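Enquirer: Just passing along the structure, written as structure tokens.
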Amino acid sequence: MNYYLCPAKSNKADMKKIFVFVVFIALISFSTFAQEYKTSLGLRAGWPYGLTIKHFMSRNNAVEGILASSWHGFVVTGLYENENWTGSYPGLNWFWGVGAHVGFWDDNPHVNTTGSVIGLDGILGLEYTFDEIPLNLSLDILPSFNIFGATGWGGIGGALSIRYVF
């Protein structure tokens, strides 16, 4: 009777090892098949809202340009971003970056004047690129600090960006 129990226990232990090994290999496989893209272009829905274009210079470094509407004017923002691939979920990564902005407006309720502004920006976000379709979704926060013009804290923006992947 013990003869039949020992192989059964050994077989369950072997099955657990095989299961863990298969899961490990599957996770590695999924992370290597995640879609990587070079350039994407789309809409930014949030504050500020507008157009966004993102271009990868290498696997982990990208530049992003944002042309956004703000206070009956516009703001142009340029960002350098560092991408960090999760590896656990294909197509999902988080990013952070720094950059600068220049803006022109007709009616800014915070300073009650027309004018222009130049400042610094930071960005922190999460991005997902679909494998099946050429689409990328990005959710971010975008704090800013104005150096010239209406100087001081520029606020914290944030948006959902929907981009077509080239």
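Convention: chains lettered A, B, ... in structure tokens order; per-chain residue numbering from 1; ligands numbered from 1 as shown.
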Could you name the residues that touch Gly46 in chain A at 9 Å or less, counting only C-alpha atoms, but leaving out those on the same chain fewer than 6 positions away, as an NGL selection string?

Expert: :A and (157-161)

Enquirer: Nearest to Tyr128 in chain A among A:Thr77, A:Ser70, A:Thr86, A:Thr39, with distances taken over only C-alpha atoms: which residue is it?

Expert: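 Going through A:Thr77, A:Ser70, A:Thr86, A:Thr39 one by one, the smallest distance to Tyr128 in chain A is for A:Thr86.
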
Enquirer: May I have the residues within 9 Å of Ile66 in chain A as a VMD selection string, using only C-alpha atoms and disregarding those fewer than 5 positions away in the same chain?

Expert: chain A and resid 44 49 to 54 75 to 79

Enquirer: Keeping only C-alpha atoms, take the residues you just selected and write them out as a PDB file, in the first residue's frame.

Expert:
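Contents of out_7.pdb, freshly written:
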```pdb
ATOM      1  CA  ARG A  44      -4.879  64.168 -25.360  1.00  0.00           C
ATOM      2  CA  TYR A  49      -6.224  68.904 -23.950  1.00  0.00           C
ATOM      3  CA  GLY A  50      -4.823  68.789 -27.452  1.00  0.00           C
ATOM      4  CA  LEU A  51      -2.518  66.771 -29.701  1.00  0.00           C
ATOM      5  CA  THR A  52       0.363  64.529 -28.669  1.00  0.00           C
ATOM      6  CA  ILE A  53       3.179  62.839 -30.558  1.00  0.00           C
ATOM      7  CA  LYS A  54       5.659  60.416 -29.020  1.00  0.00           C
ATOM      8  CA  VAL A  75       0.786  75.714 -24.876  1.00  0.00           C
ATOM      9  CA  VAL A  76       3.601  73.776 -26.552  1.00  0.00           C
ATOM     10  CA  THR A  77       5.334  71.236 -24.295  1.00  0.00           C
ATOM     11  CA  GLY A  78       8.402  69.120 -25.022  1.00  0.00           C
ATOM     12  CA  LEU A  79       9.271  66.184 -22.755  1.00  0.00           C
TER      13      LEU A  79
END
```

Enquirer: For Val117 in chain A, list every protein, DNA or RNA residue within 7 Å, evaluated using only C-alpha atoms, and leave out those in the same chain fewer than 4 positions away; present the list as number ranges by chain.

Expert: A: 102-104, 146, 148-150

Enquirer: For Gly154 in chain A, which residue among A:Gly42, A:Gly73, A:Gly91, A:Gly119 is the nearest when counting only C-alpha atoms?

Expert: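 Of the candidates, the smallest distance to Gly154 in chain A is held by A:Gly119.
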
Enquirer: Mind giving me the straight-line distance from CA of Val165 in chain A to CA of Pro134 in chain A in Å, one decimal?

Expert: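 Going from CA of Val165 in chain A over to CA of Pro134 in chain A covers 4.9 Å.
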
Enquirer: Where in range 29-91 of chain A does DSSP assign strand (DSSP E), given as a PyMOL selection string?

Expert: chain A and resi 39-47+49-56+61-70+73-85

Enquirer: Restrict the selected residues to C-alpha atoms and save them as a short mmCIF file (atom, residue, chain, number, x, y, z; two decimals), in the first residue's frame.

Expert:
```
data_model
loop_
_atom_site.label_atom_id
_atom_site.label_comp_id
_atom_site.auth_asym_id
_atom_site.auth_seq_id
_atom_site.Cartn_x
_atom_site.Cartn_y
_atom_site.Cartn_z
CA THR A 39 6.26 56.74 -33.21
CA SER A 40 2.67 57.40 -32.16
CA LEU A 41 0.31 60.33 -32.77
CA GLY A 42 -3.03 61.12 -31.17
CA LEU A 43 -5.35 63.12 -28.97
CA ARG A 44 -4.88 64.17 -25.36
CA ALA A 45 -8.12 64.36 -23.37
CA GLY A 46 -7.70 66.12 -20.02
CA TRP A 47 -5.97 69.24 -18.78
CA TYR A 49 -6.22 68.90 -23.95
CA GLY A 50 -4.82 68.79 -27.45
CA LEU A 51 -2.52 66.77 -29.70
CA THR A 52 0.36 64.53 -28.67
CA ILE A 53 3.18 62.84 -30.56
CA LYS A 54 5.66 60.42 -29.02
CA HIS A 55 8.84 59.09 -30.62
CA PHE A 56 11.24 56.49 -29.20
CA ASN A 61 14.07 56.73 -24.04
CA ALA A 62 11.41 58.75 -25.80
CA VAL A 63 10.54 62.35 -26.58
CA GLU A 64 6.98 63.61 -26.48
CA GLY A 65 5.51 66.80 -27.89
CA ILE A 66 2.18 68.21 -26.77
CA LEU A 67 0.27 71.01 -28.51
CA ALA A 68 -2.54 71.91 -26.14
CA SER A 69 -5.29 74.47 -25.78
CA SER A 70 -5.27 76.58 -22.63
CA GLY A 73 -4.59 80.22 -26.31
CA PHE A 74 -2.14 77.37 -26.63
CA VAL A 75 0.79 75.71 -24.88
CA VAL A 76 3.60 73.78 -26.55
CA THR A 77 5.33 71.24 -24.29
CA GLY A 78 8.40 69.12 -25.02
CA LEU A 79 9.27 66.18 -22.75
CA TYR A 80 12.10 63.70 -22.46
CA GLU A 81 10.75 60.42 -21.03
CA ASN A 82 12.27 57.29 -19.52
CA GLU A 83 10.17 54.16 -20.20
CA ASN A 84 10.15 51.28 -17.72
CA TRP A 85 8.69 48.04 -19.13
#
```

Enquirer: Can you tell me how far CA of Arg59 in chain A sits from CA of Ala100 in chain A, in Å to one decimal?

Expert: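 Value for the CA of Arg59 in chain A-CA of Ala100 in chain A distance: 22.5 Å.
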
Enquirer: Just the number, please: distance in Å from CA of Ile123 in chain A to CA of Lys38 in chain A, one decimal.

Expert: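 If I compute the distance from CA of Ile123 in chain A to CA of Lys38 in chain A, I get 19.7 Å.
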
Enquirer: So, counting only C-alpha atoms, which residue among A:Thr151, A:Glu127, A:Ser144, A:Ile133 is closest to Phe166 in chain A?

Expert: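 Using only C-alpha atoms, Phe166 in chain A sits closest to A:Ile133.
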